[in-house]
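Engineer: Contents are mmCIF, C-alpha atoms; file name target.cif:
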data_upload
loop_
_atom_site.label_atom_id
_atom_site.label_comp_id
_atom_site.auth_asym_id
_atom_site.auth_seq_id
_atom_site.Cartn_x
_atom_site.Cartn_y
_atom_site.Cartn_z
CA MET A 890 -67.02 -15.73 -16.62
CA TYR A 891 -63.39 -14.95 -15.67
CA LYS A 892 -64.02 -11.24 -16.21
CA ARG A 893 -66.95 -11.35 -13.80
CA LEU A 894 -64.85 -13.27 -11.29
CA PHE A 895 -62.06 -10.72 -11.64
CA GLU A 896 -64.55 -7.90 -11.07
CA ILE A 897 -65.82 -9.55 -7.90
CA VAL A 898 -62.26 -10.03 -6.62
CA GLN A 899 -61.47 -6.38 -7.42
CA LEU A 900 -64.63 -5.20 -5.69
CA PHE A 901 -63.89 -7.12 -2.48
CA LYS A 902 -60.10 -7.23 -2.69
CA GLU A 903 -59.63 -5.88 0.86
CA TYR A 904 -61.74 -8.70 2.27
CA PHE A 905 -59.98 -11.32 0.13
CA LEU A 906 -56.62 -10.02 1.34
CA LEU A 907 -57.78 -10.09 4.95
CA ALA A 908 -59.10 -13.65 4.57
CA LEU A 909 -55.88 -14.78 2.85
CA PHE A 910 -53.60 -13.37 5.55
CA LEU A 911 -55.81 -14.60 8.37
CA VAL A 912 -55.64 -18.12 6.95
CA ALA A 913 -51.86 -17.77 6.55
CA SER A 914 -51.47 -16.56 10.16
CA ILE A 915 -53.63 -19.34 11.54
CA ALA A 916 -51.68 -21.87 9.45
CA LEU A 917 -48.45 -20.51 10.92
CA LEU A 918 -49.84 -20.74 14.44
CA THR A 919 -50.86 -24.33 13.80
CA PHE A 920 -47.91 -25.73 11.83
CA ASN A 921 -44.93 -23.73 13.05
CA GLU A 922 -42.84 -26.66 14.25
CA ASN A 923 -41.45 -27.37 10.80
CA GLN A 924 -37.75 -27.24 10.01
CA GLN A 925 -37.83 -24.39 7.45
CA ILE A 926 -39.52 -21.96 9.86
CA ARG A 927 -37.00 -22.89 12.56
CA ALA A 928 -34.17 -22.12 10.13
CA ILE A 929 -35.68 -18.72 9.19
CA ARG A 930 -36.12 -17.92 12.87
CA SER A 931 -32.51 -18.86 13.59
CA VAL A 932 -31.34 -16.33 10.96
CA ALA A 933 -33.68 -13.66 12.39
CA VAL A 934 -32.46 -14.30 15.95
CA ALA A 935 -28.82 -14.04 14.80
CA SER A 936 -29.40 -10.74 12.96
CA VAL A 937 -31.29 -9.05 15.77
CA GLY A 938 -28.95 -10.45 18.42
CA PHE A 939 -26.03 -8.88 16.56
CA LEU A 940 -27.78 -5.48 16.52
CA GLN A 941 -28.83 -5.69 20.15
CA ASP A 942 -25.28 -6.62 21.09
CA ALA A 943 -23.96 -3.62 19.16
CA LEU A 944 -26.38 -1.33 20.99
CA SER A 945 -25.78 -2.80 24.45
CA PHE A 946 -22.97 -0.28 25.08
CA ILE A 947 -25.61 2.41 25.70
CA PRO A 948 -25.22 3.03 29.43
CA ASN A 949 -27.92 3.86 31.91
CA TYR A 950 -26.25 5.95 34.62
CA PHE A 951 -29.00 5.63 37.23
CA ASP A 952 -29.20 1.88 36.78
CA LEU A 953 -25.41 1.59 37.17
CA ARG A 954 -25.41 3.48 40.47
CA ARG A 955 -28.29 1.47 41.82
CA GLU A 956 -26.72 -1.77 40.63
CA ASN A 957 -23.41 -0.87 42.22
CA LYS A 958 -25.08 -0.40 45.59
CA VAL A 959 -27.04 -3.64 45.25
CA LEU A 960 -23.86 -5.53 44.25
CA ARG A 961 -21.93 -4.25 47.26
CA GLU A 962 -24.68 -5.44 49.58
CA LEU A 963 -24.90 -8.75 47.73
CA ASN A 964 -21.15 -9.17 47.98
CA LEU A 965 -21.30 -8.92 51.76
CA THR A 966 -24.14 -11.40 51.99
CA LEU A 967 -22.44 -13.82 49.60
CA ALA A 968 -19.10 -13.67 51.42
CA ASP A 969 -20.91 -14.72 54.57
CA GLU A 970 -22.84 -17.40 52.74
CA VAL A 971 -19.72 -18.82 51.05
CA SER A 972 -18.18 -19.39 54.44
CA ARG A 973 -21.26 -21.20 55.69
CA LEU A 974 -21.63 -23.19 52.46
CA ARG A 975 -18.02 -24.33 52.66
CA GLU A 976 -18.77 -25.78 56.06
CA GLY A 977 -21.98 -27.28 54.73
CA ARG A 978 -20.23 -28.85 51.74
CA LEU A 979 -17.63 -30.54 53.91
CA GLU A 980 -20.39 -31.89 56.09
CA ASN A 981 -22.31 -32.98 53.01
CA ILE A 982 -19.29 -34.86 51.64
CA ARG A 983 -18.93 -36.72 54.89
CA LEU A 984 -22.61 -37.61 55.05
CA ARG A 985 -22.72 -38.68 51.39
CA GLN A 986 -19.75 -40.95 51.92
CA LEU A 987 -21.47 -42.41 54.91
CA LEU A 988 -24.70 -43.01 53.05
CA ALA A 989 -22.90 -44.03 49.81
CA LEU A 990 -25.20 -41.72 47.89
CA LYS A 991 -24.65 -41.24 44.23
CA GLU A 992 -22.96 -37.87 43.70
CA ARG A 993 -25.15 -35.50 41.81
CA GLY A 994 -23.75 -34.23 38.52
CA VAL A 995 -21.81 -30.95 38.63
CA TYR A 996 -23.23 -28.61 36.04
CA THR A 997 -21.28 -26.56 33.57
CA TYR A 998 -22.18 -22.88 33.44
CA VAL A 999 -21.87 -20.66 30.38
CA SER A 1000 -21.82 -16.98 31.28
CA ALA A 1001 -23.88 -14.68 29.07
CA ASN A 1002 -24.81 -11.03 28.77
CA VAL A 1003 -28.42 -10.00 28.33
CA VAL A 1004 -28.23 -7.99 25.11
CA GLY A 1005 -31.94 -7.56 24.56
CA LYS A 1006 -35.25 -7.67 26.37
CA ASN A 1007 -38.55 -8.11 24.57
CA LEU A 1008 -41.26 -6.73 26.78
CA GLN A 1009 -44.18 -7.33 24.47
CA LEU A 1010 -47.37 -7.78 26.47
CA LEU A 1011 -47.11 -11.18 28.22
CA ARG A 1012 -44.35 -12.62 26.00
CA ASN A 1013 -41.39 -11.54 28.09
CA THR A 1014 -38.15 -12.90 26.66
CA ILE A 1015 -34.46 -12.01 26.83
CA THR A 1016 -31.76 -12.24 24.17
CA LEU A 1017 -28.37 -13.62 25.25
CA ASP A 1018 -25.01 -13.26 23.50
CA VAL A 1019 -24.28 -16.99 23.60
CA GLY A 1020 -25.52 -19.58 21.13
CA GLU A 1021 -24.87 -22.95 19.59
CA GLN A 1022 -21.15 -22.14 19.29
CA ASP A 1023 -21.07 -22.03 23.10
CA SER A 1024 -22.93 -25.35 23.40
CA VAL A 1025 -26.18 -23.62 24.30
CA ALA A 1026 -29.33 -25.42 23.16
CA PRO A 1027 -33.10 -25.04 23.65
CA ASN A 1028 -34.48 -26.09 27.05
CA MET A 1029 -31.28 -25.30 28.94
CA PRO A 1030 -31.98 -23.48 32.23
CA ILE A 1031 -30.89 -19.87 32.74
CA VAL A 1032 -29.86 -18.71 36.22
CA SER A 1033 -28.42 -15.61 37.84
CA GLU A 1034 -26.65 -15.20 41.17
CA SER A 1035 -30.11 -14.76 42.75
CA GLY A 1036 -31.79 -17.86 41.33
CA LEU A 1037 -33.72 -19.28 38.39
CA VAL A 1038 -34.29 -16.89 35.48
CA GLY A 1039 -35.92 -19.15 32.85
CA LYS A 1040 -34.95 -21.40 29.98
CA ILE A 1041 -33.59 -21.17 26.45
CA ILE A 1042 -36.24 -21.46 23.73
CA ALA A 1043 -34.42 -20.59 20.50
CA THR A 1044 -30.79 -20.44 19.39
CA SER A 1045 -28.62 -19.32 16.53
CA ASP A 1046 -24.85 -19.70 16.19
CA ARG A 1047 -23.99 -16.78 18.46
CA TYR A 1048 -27.25 -15.77 20.14
CA SER A 1049 -30.15 -17.32 21.96
CA ILE A 1050 -33.55 -16.30 23.24
CA GLY A 1051 -34.61 -17.14 26.77
CA GLN A 1052 -38.10 -17.36 28.18
CA ILE A 1053 -38.12 -15.82 31.67
CA LEU A 1054 -40.23 -16.83 34.67
CA LEU A 1055 -42.45 -13.79 34.01
CA ASN A 1056 -43.79 -15.44 30.87
CA ARG A 1057 -47.22 -17.01 30.84
CA GLU A 1058 -45.99 -19.95 28.77
CA LEU A 1059 -43.41 -21.15 31.29
CA ARG A 1060 -44.29 -23.62 34.02
CA VAL A 1061 -41.76 -24.99 36.49
CA SER A 1062 -42.07 -27.99 38.73
CA ALA A 1063 -41.27 -26.66 42.22
CA LYS A 1064 -41.27 -27.51 45.90
CA VAL A 1065 -41.29 -25.65 49.19
CA GLN A 1066 -37.81 -26.17 50.61
CA ARG A 1067 -38.84 -26.45 54.28
CA SER A 1068 -41.88 -28.72 54.08
CA ARG A 1069 -41.11 -30.43 50.69
CA VAL A 1070 -44.61 -29.62 49.41
CA ASP A 1071 -44.75 -29.92 45.61
CA GLY A 1072 -46.46 -27.59 43.17
CA ILE A 1073 -46.24 -25.92 39.78
CA ILE A 1074 -44.87 -22.40 39.42
CA ARG A 1075 -46.47 -20.21 36.77
CA TRP A 1076 -46.97 -16.52 36.10
CA ASP A 1077 -50.44 -15.10 35.67
CA GLY A 1078 -49.43 -11.57 34.74
CA GLY A 1079 -49.17 -10.05 38.23
CA PRO A 1080 -46.12 -8.84 40.13
CA SER A 1081 -45.52 -12.26 41.68
CA LEU A 1082 -45.52 -15.92 40.65
CA SER A 1083 -48.13 -18.44 41.65
CA LEU A 1084 -47.45 -21.88 43.19
CA GLN A 1085 -50.31 -24.02 42.03
CA ASN A 1086 -51.73 -27.45 42.88
CA VAL A 1087 -51.07 -26.95 46.61
CA VAL A 1088 -53.80 -28.62 48.65
CA LYS A 1089 -55.17 -26.52 51.56
CA THR A 1090 -54.02 -29.01 54.18
CA MET A 1091 -50.37 -28.72 53.09
CA ASP A 1092 -47.83 -26.90 55.23
CA VAL A 1093 -46.90 -23.70 53.36
CA LYS A 1094 -46.10 -20.47 55.20
CA GLU A 1095 -45.08 -16.94 54.29
CA GLY A 1096 -41.30 -16.68 54.04
CA ASP A 1097 -40.82 -20.29 52.88
CA HIS A 1098 -38.25 -20.67 50.11
CA VAL A 1099 -39.40 -22.27 46.85
CA ILE A 1100 -36.92 -24.29 44.77
CA THR A 1101 -37.03 -26.44 41.62
CA SER A 1102 -38.07 -30.00 42.32
CA ASP A 1103 -36.70 -33.36 41.19
CA TYR A 1104 -39.73 -33.92 38.96
CA SER A 1105 -38.67 -31.48 36.24
CA SER A 1106 -37.08 -32.89 33.11
CA VAL A 1107 -35.75 -29.42 32.18
CA PHE A 1108 -34.53 -27.78 35.39
CA PRO A 1109 -32.07 -29.40 37.78
CA PRO A 1110 -33.38 -29.71 41.33
CA GLY A 1111 -32.56 -27.20 44.05
CA LEU A 1112 -32.46 -23.94 42.06
CA VAL A 1113 -33.91 -21.03 44.03
CA ILE A 1114 -37.15 -19.69 42.51
CA GLY A 1115 -38.37 -17.29 45.18
CA THR A 1116 -40.04 -16.82 48.56
CA VAL A 1117 -43.68 -17.36 49.52
CA SER A 1118 -45.13 -13.86 49.94
CA SER A 1119 -48.71 -14.78 50.82
CA THR A 1120 -51.17 -17.66 51.04
CA HIS A 1121 -54.92 -17.46 50.65
CA GLU A 1122 -57.59 -20.08 51.05
CA ASN A 1123 -59.58 -20.41 47.86
CA PRO A 1124 -63.23 -21.01 48.86
CA GLY A 1125 -64.97 -23.72 46.89
CA THR A 1126 -61.77 -25.54 45.84
CA LEU A 1127 -59.37 -27.97 47.45
CA PHE A 1128 -56.39 -25.78 46.66
CA GLU A 1129 -54.67 -22.88 48.29
CA GLU A 1130 -53.50 -19.75 46.44
CA VAL A 1131 -49.79 -19.38 47.11
CA GLU A 1132 -48.01 -16.28 45.81
CA VAL A 1133 -44.25 -16.44 45.37
CA MET A 1134 -42.01 -13.39 45.00
CA PRO A 1135 -39.27 -14.27 42.47
CA ALA A 1136 -35.71 -14.22 43.80
CA VAL A 1137 -34.48 -12.61 40.60
CA ASP A 1138 -35.07 -8.92 39.87
CA PHE A 1139 -35.95 -9.14 36.18
CA THR A 1140 -35.88 -5.37 35.67
CA ARG A 1141 -32.13 -5.26 36.34
CA LEU A 1142 -31.08 -8.49 34.70
CA GLU A 1143 -27.82 -7.96 32.79
CA GLU A 1144 -25.60 -11.00 33.31
CA VAL A 1145 -26.79 -14.57 33.57
CA PHE A 1146 -25.53 -18.14 33.31
CA VAL A 1147 -26.85 -20.90 31.09
CA ILE A 1148 -26.58 -24.33 32.69
CA THR A 1149 -25.60 -26.80 30.00
CA HIS A 1150 -27.88 -29.32 31.59
CA ILE A 1151 -29.75 -31.65 29.29
CA ALA A 1152 -32.41 -33.85 30.75
CA ASP A 1153 -31.58 -37.52 31.03
CA SER A 1154 -33.01 -38.74 27.71
CA SER A 1155 -33.62 -42.25 28.98
CA ARG A 1156 -35.75 -40.81 31.80
CA VAL A 1157 -37.73 -38.57 29.42
CA ASP A 1158 -38.22 -41.47 26.99
CA LEU A 1159 -39.44 -43.73 29.77
CA GLU A 1160 -41.84 -41.07 31.10
CA GLN A 1161 -43.21 -40.37 27.65
CA HIS A 1162 -43.52 -44.08 26.94
CA LEU A 1163 -45.56 -44.64 30.08
CA GLN A 1164 -47.90 -41.71 29.52
CA PRO A 1165 -51.37 -42.80 28.35
CA MET B 65 -41.66 1.57 -7.23
CA ARG B 66 -39.32 3.97 -5.39
CA GLN B 67 -42.06 4.69 -2.88
CA SER B 68 -42.65 0.97 -2.24
CA ALA B 69 -38.92 0.44 -1.71
CA GLY B 70 -38.92 3.37 0.73
CA TYR B 71 -41.86 1.87 2.65
CA ILE B 72 -40.10 -1.51 2.86
CA LEU B 73 -36.92 0.12 4.11
CA ILE B 74 -38.77 2.12 6.76
CA SER B 75 -40.71 -1.02 7.77
CA VAL B 76 -37.50 -3.01 8.31
CA LEU B 77 -35.99 -0.11 10.28
CA ILE B 78 -39.06 0.10 12.51
CA VAL B 79 -39.02 -3.66 13.21
CA LEU B 80 -35.36 -3.33 14.20
CA LEU B 81 -36.17 -0.31 16.37
CA GLN B 82 -39.00 -2.21 18.06
CA THR B 83 -36.80 -5.21 18.81
CA THR B 84 -33.65 -3.35 19.84
CA LEU B 85 -34.59 0.03 21.31
CA ALA B 86 -38.15 -0.46 22.63
CA ARG B 87 -36.71 -1.71 25.95
CA TYR B 88 -35.23 1.74 26.54
CA LEU B 89 -38.70 3.23 26.11
CA ALA B 90 -40.43 0.63 28.30
CA ILE B 91 -42.08 1.85 31.50
CA GLU B 92 -42.72 -0.94 34.03
CA SER B 93 -42.72 -3.62 31.28
CA ILE B 94 -45.14 -1.61 29.12
CA ALA B 95 -43.51 -0.91 25.76
CA PRO B 96 -45.03 1.13 22.94
CA ASP B 97 -45.95 -0.63 19.70
CA LEU B 98 -43.98 1.29 17.05
CA LEU B 99 -45.04 -1.19 14.35
CA LEU B 100 -48.68 -0.37 14.92
CA ILE B 101 -48.05 3.39 14.56
CA TRP B 102 -46.35 2.71 11.23
CA ILE B 103 -49.15 0.38 10.05
CA VAL B 104 -51.78 3.01 10.90
CA SER B 105 -49.86 5.74 9.06
CA LEU B 106 -49.67 3.41 6.03
CA ALA B 107 -53.41 2.76 6.33
CA LEU B 108 -54.21 6.49 6.33
CA ARG B 109 -51.71 7.17 3.54
CA GLU B 110 -52.29 4.22 1.18
CA GLY B 111 -55.55 2.56 2.22
CA GLN B 112 -56.88 -0.68 3.61
CA SER B 113 -55.19 -3.19 1.27
CA THR B 114 -51.69 -1.82 1.85
CA ALA B 115 -52.24 -1.68 5.62
CA THR B 116 -53.51 -5.28 5.67
CA VAL B 117 -50.49 -6.54 3.71
CA ALA B 118 -48.08 -4.43 5.81
CA GLY B 119 -49.73 -5.64 9.03
CA PHE B 120 -49.21 -9.27 8.07
CA PHE B 121 -45.59 -9.01 6.97
CA LEU B 122 -44.48 -6.68 9.77
CA GLY B 123 -46.21 -8.92 12.32
CA LEU B 124 -44.60 -12.00 10.78
CA LEU B 125 -41.15 -10.43 10.89
CA PHE B 126 -41.70 -9.48 14.52
CA ASP B 127 -42.90 -13.02 15.29
CA LEU B 128 -39.80 -14.50 13.67
CA ILE B 129 -37.53 -12.30 15.75
CA SER B 130 -39.23 -12.39 19.12
CA GLY B 131 -41.93 -15.04 19.00
CA LYS B 132 -41.96 -18.08 21.17
CA ASP B 133 -42.37 -21.57 19.72
CA GLY B 134 -46.08 -22.17 19.36
CA MET B 135 -46.98 -18.52 18.88
CA LEU B 136 -45.46 -17.81 15.46
CA GLY B 137 -48.19 -16.06 13.49
CA LEU B 138 -49.91 -14.38 16.43
CA ALA B 139 -48.49 -10.88 15.87
CA ALA B 140 -49.01 -11.39 12.11
CA LEU B 141 -52.68 -12.17 12.68
CA CYS B 142 -53.30 -9.31 15.15
CA LYS B 143 -51.47 -6.73 13.07
CA THR B 144 -53.27 -7.85 9.89
CA VAL B 145 -56.60 -7.23 11.57
CA ALA B 146 -55.39 -3.93 13.12
CA GLY B 147 -54.19 -2.73 9.70
CA PHE B 148 -57.50 -3.74 8.13
CA ALA B 149 -59.44 -1.90 10.86
CA ALA B 150 -57.28 1.24 10.52
CA GLY B 151 -57.92 1.16 6.75
CA TYR B 152 -61.56 2.04 7.35
CA PHE B 153 -60.40 5.56 8.28
CA TYR B 154 -58.63 6.11 4.95
CA ASN B 155 -59.87 9.15 3.04
CA GLU B 156 -57.88 9.98 -0.09
CA ASN B 157 -58.99 13.63 0.05
CA LYS B 158 -57.85 14.16 3.66
CA ILE B 159 -54.58 12.24 3.93
CA VAL B 160 -52.48 15.09 5.34
CA GLN B 161 -55.26 16.34 7.65
CA MET B 162 -55.66 12.83 9.06
CA LEU B 163 -51.93 12.18 9.50
CA GLY B 164 -51.28 15.62 10.98
CA GLY B 165 -54.38 15.82 13.17
CA TYR B 166 -55.58 14.25 16.39
CA GLN B 167 -57.55 11.78 14.29
CA PHE B 168 -54.25 9.97 13.71
CA VAL B 169 -53.78 9.40 17.45
CA LEU B 170 -57.39 8.29 17.72
CA VAL B 171 -57.00 5.75 14.90
CA VAL B 172 -53.78 4.44 16.50
CA ALA B 173 -55.70 3.99 19.77
CA VAL B 174 -58.57 2.16 18.03
CA ALA B 175 -56.19 -0.10 16.08
CA SER B 176 -54.20 -0.78 19.25
CA ILE B 177 -57.32 -1.77 21.19
CA VAL B 178 -58.45 -4.10 18.38
CA HIS B 179 -54.92 -5.56 18.26
CA ASN B 180 -54.59 -6.09 22.01
CA VAL B 181 -58.05 -7.57 22.56
CA LEU B 182 -57.50 -10.06 19.73
CA TYR B 183 -53.98 -10.80 20.98
CA PHE B 184 -55.07 -11.65 24.51
CA ILE B 185 -58.13 -13.62 23.43
CA ILE B 186 -55.89 -15.94 21.37
CA PHE B 187 -52.80 -15.87 23.60
CA LEU B 188 -54.67 -16.74 26.78
CA GLN B 189 -56.70 -19.60 25.30
CA GLY B 190 -56.72 -22.59 27.61
CA THR B 191 -55.44 -20.69 30.63
CA GLU B 192 -57.10 -19.48 33.78
CA VAL B 193 -56.16 -15.87 33.07
CA GLY B 194 -59.10 -13.81 31.85
CA TRP B 195 -58.42 -11.91 28.63
CA LEU B 196 -60.34 -8.88 29.94
CA ASP B 197 -58.04 -8.65 32.99
CA ALA B 198 -54.99 -8.89 30.73
CA VAL B 199 -56.38 -6.18 28.44
CA VAL B 200 -56.96 -3.88 31.42
CA LEU B 201 -53.58 -4.66 33.02
CA TYR B 202 -51.37 -4.66 29.90
CA GLY B 203 -53.39 -3.92 26.78
CA PHE B 204 -54.86 -0.61 27.90
CA PRO B 205 -51.56 0.89 29.19
CA THR B 206 -49.86 -0.25 25.95
CA THR B 207 -52.61 1.47 23.95
CA VAL B 208 -52.22 4.71 25.93
CA TYR B 209 -48.42 4.67 25.57
CA THR B 210 -48.57 3.84 21.85
CA ALA B 211 -51.15 6.57 21.23
CA ALA B 212 -49.06 9.08 23.20
CA LEU B 213 -46.03 8.22 21.09
CA ALA B 214 -48.13 8.65 17.93
CA LEU B 215 -48.32 12.37 18.82
CA LEU B 216 -44.70 12.66 17.65
CA PRO B 217 -45.21 11.76 13.96
CA MET B 218 -48.51 13.66 14.07
CA PHE B 219 -46.72 16.88 15.09
CA VAL B 220 -44.03 16.32 12.44
CA VAL B 221 -46.62 15.93 9.65
CA SER B 222 -48.67 18.85 10.99
CA ARG B 223 -45.66 21.13 11.12
CA ARG B 224 -44.41 20.11 7.69
CA SER B 225 -47.85 20.65 6.10
CA SER B 226 -48.21 24.12 7.73
CA GLN B 227 -44.73 25.07 6.42
CA LEU B 228 -45.67 23.95 2.92
CA SER B 229 -48.93 25.88 2.95
#
Turn this file's structure into structure tokens for me.
Structural biologist:
Amino acid sequence: MYKRLFEIVQLFKEYFLLALFLVASIALLTFNENQQIRAIRSVAVASVGFLQDALSFIPNYFDLRRENKVLRELNLTLADEVSRLREGRLENIRLRQLLALKERGVYTYVSANVVGKNLQLLRNTITLDVGEQDSVAPNMPIVSESGLVGKIIATSDRYSIGQILLNRELRVSAKVQRSRVDGIIRWDGGPSLSLQNVVKTMDVKEGDHVITSDYSSVFPPGLVIGTVSSTHENPGTLFEEVEVMPAVDFTRLEEVFVITHIADSSRVDLEQHLQP
Amino acid sequence: MRQSAGYILISVLIVLLQTTLARYLAIESIAPDLLLIWIVSLALREGQSTATVAGFFLGLLFDLISGKDGMLGLAALCKTVAGFAAGYFYNENKIVQMLGGYQFVLVVAVASIVHNVLYFIIFLQGTEVGWLDAVVLYGFPTTVYTAALALLPMFVVSRRSSQLS
């Protein structure tokens, strides 16, 4: 009996192996939130982060020249903007005092170098050289001088992995700065982002700036996401197709900041409690 | 035993190469799949069972290093199937001819297409993005790039075998 069974297994061993590993893969896809797998992943992230950090000295001459030029231009623009923002801040302080508004929290930024980029099909992620030792934790937003980059999804002691806006899994609650129209930002694989859930009658125009909205429990409000590059009416639906060009150039991303912003837990608890 | 240890060592090195140096090889976000080239060469060298096992563990290692929460196991699954598919081309009497000939590139391309189609079908479940569009936009260029890179080991094997003969 056992001999016969053994013969059958031997005869179809390739298929048994395939079935075994398919079941194991599907099980991993289904139950991968458990603590042991998180611990293994943390070790893997730390090891690869260390290697990527060690290799990050490899220079790219053409990128450096191009970056230098871009930085000089950006410096000019920012110097001008700083002056205007200073004026704006003073005005804001006066108005807030007048209205007795509650001061918004000032965020703490942790600077980080991008030591690795995983460009695997639609799973675009970046590896940063900051981790739990630097108070970085999953779900913290990542920004650059240009705007929102993404959020942290995994950490080890010294490294972390960030999911960037050009990742199909990431959705960001956003609003058009000028007209305050709300929507959801997501990436569908093209060169630009898509602002979804915008009803056709809403006021959205090319050139409008898109920022994070107050509705997000992960991202603080007011972070620049990008600029509306085109709008199209979608026949047969109530919604408009709004394409948004990201403010951040992800191909040249080298230095970023992690905002050590954790969502107000009482707000998240309340929202979760009220959900049906 | 020594050969198995050698395979494991090369496998770990290739996973590290894929996760650390592939970005330097990327063209417009399209990066070659070095793991797949290695899995196919194992399939043509050792057969279907070895390639299936290698596909699973290499994919799992890659998932652990780069995978997003919720997608752990996806690369393992796709690379298991790709390794299994590549194993159909194993011929123990023509190992060197296969590895050093254009058939190797062809098998890499077939395995890559199987891998990418399966990947996008699973990855894009529940979204409005069509898997066929994603395959055309990302999967096909990745296949072409990976197959082009497979020419390198093919030439090495071809040259070495002609020197030996």
Engineer: Applied to this file, what does the PyMOL selection byres ((chain A) within 6 of (chain B)) return in terms of residues, put as a compact mmCIF listing (two decimals) with C-alpha atoms, in the frame of the given file?
Structural biologist:
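That gives us out-v9.txt:
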# COMPACT_ATOMS: atom_id res chain seq x y z
CA GLU A 903 -59.63 -5.88 0.86
CA LEU A 911 -55.81 -14.60 8.37
CA SER A 914 -51.47 -16.56 10.16
CA LEU A 917 -48.45 -20.51 10.92
CA LEU A 918 -49.84 -20.74 14.44
CA ARG A 930 -36.12 -17.92 12.87
CA ALA A 933 -33.68 -13.66 12.39
CA VAL A 934 -32.46 -14.30 15.95
CA GLN A 941 -28.83 -5.69 20.15
CA LEU A 1008 -41.26 -6.73 26.78
Engineer: When distances are computed from only C-alpha atoms, which of A:Gln1066, A:Asn957, A:Thr1044, A:Asn1013 shows the smallest separation from Val1025 (chain A)?
Structural biologist: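 So, comparing all the options, the nearest one is A:Thr1044.
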Engineer: Between CA of Ile1015 (chain A) and CA of Gly1051 (chain A), what is the distance in Å, rounded to a tenth?
Structural biologist: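 Distance between the two atoms: 5.1 Å.
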Engineer: So which one's closest to Ser222 (chain B), B:Tyr209, B:Tyr166, B:Trp195, B:Phe204? Using all atoms listed in the file, please.
Structural biologist: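 Checking each of B:Tyr209, B:Tyr166, B:Trp195, B:Phe204 against Ser222 (chain B), counting all atoms listed in the file, the winner is B:Tyr166.
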Engineer: Written as a list in words, which residues does the PyMOL selection byres ((chain B and resi 215-219) around 9) give for the file shown?
Structural biologist: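 This file gives the following for the PyMOL selection byres ((chain B and resi 215-219) around 9): Ile101, Met162, Leu163, Gly164, Gly165, Tyr166, Phe168, Val169, Ala211, Ala212, Leu213, Ala214, Val220, Val221, Ser222, Arg223 and Arg224 of chain B.
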Engineer: With distances taken over all atoms listed in the file, which residue among A:Val999, A:Val932, A:Ala968, A:Ile982 lies nearest Asp1023 (chain A)?
Structural biologist: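 Selected residue with least distance to Asp1023 (chain A): A:Val999.
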Engineer: Using CA of Met1029 (chain A) and CA of Ile1042 (chain A) as the two end points, give the distance in Å to one decimal.
Structural biologist: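 One can read the CA of Met1029 (chain A) to CA of Ile1042 (chain A) distance as 8.2 Å.
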Engineer: With distances taken over all atoms listed in the file, which residue among A:Thr919, A:Asn1002, A:Ser1024, A:Ser931 lies nearest Ile1148 (chain A)?
Structural biologist: A:Ser1024
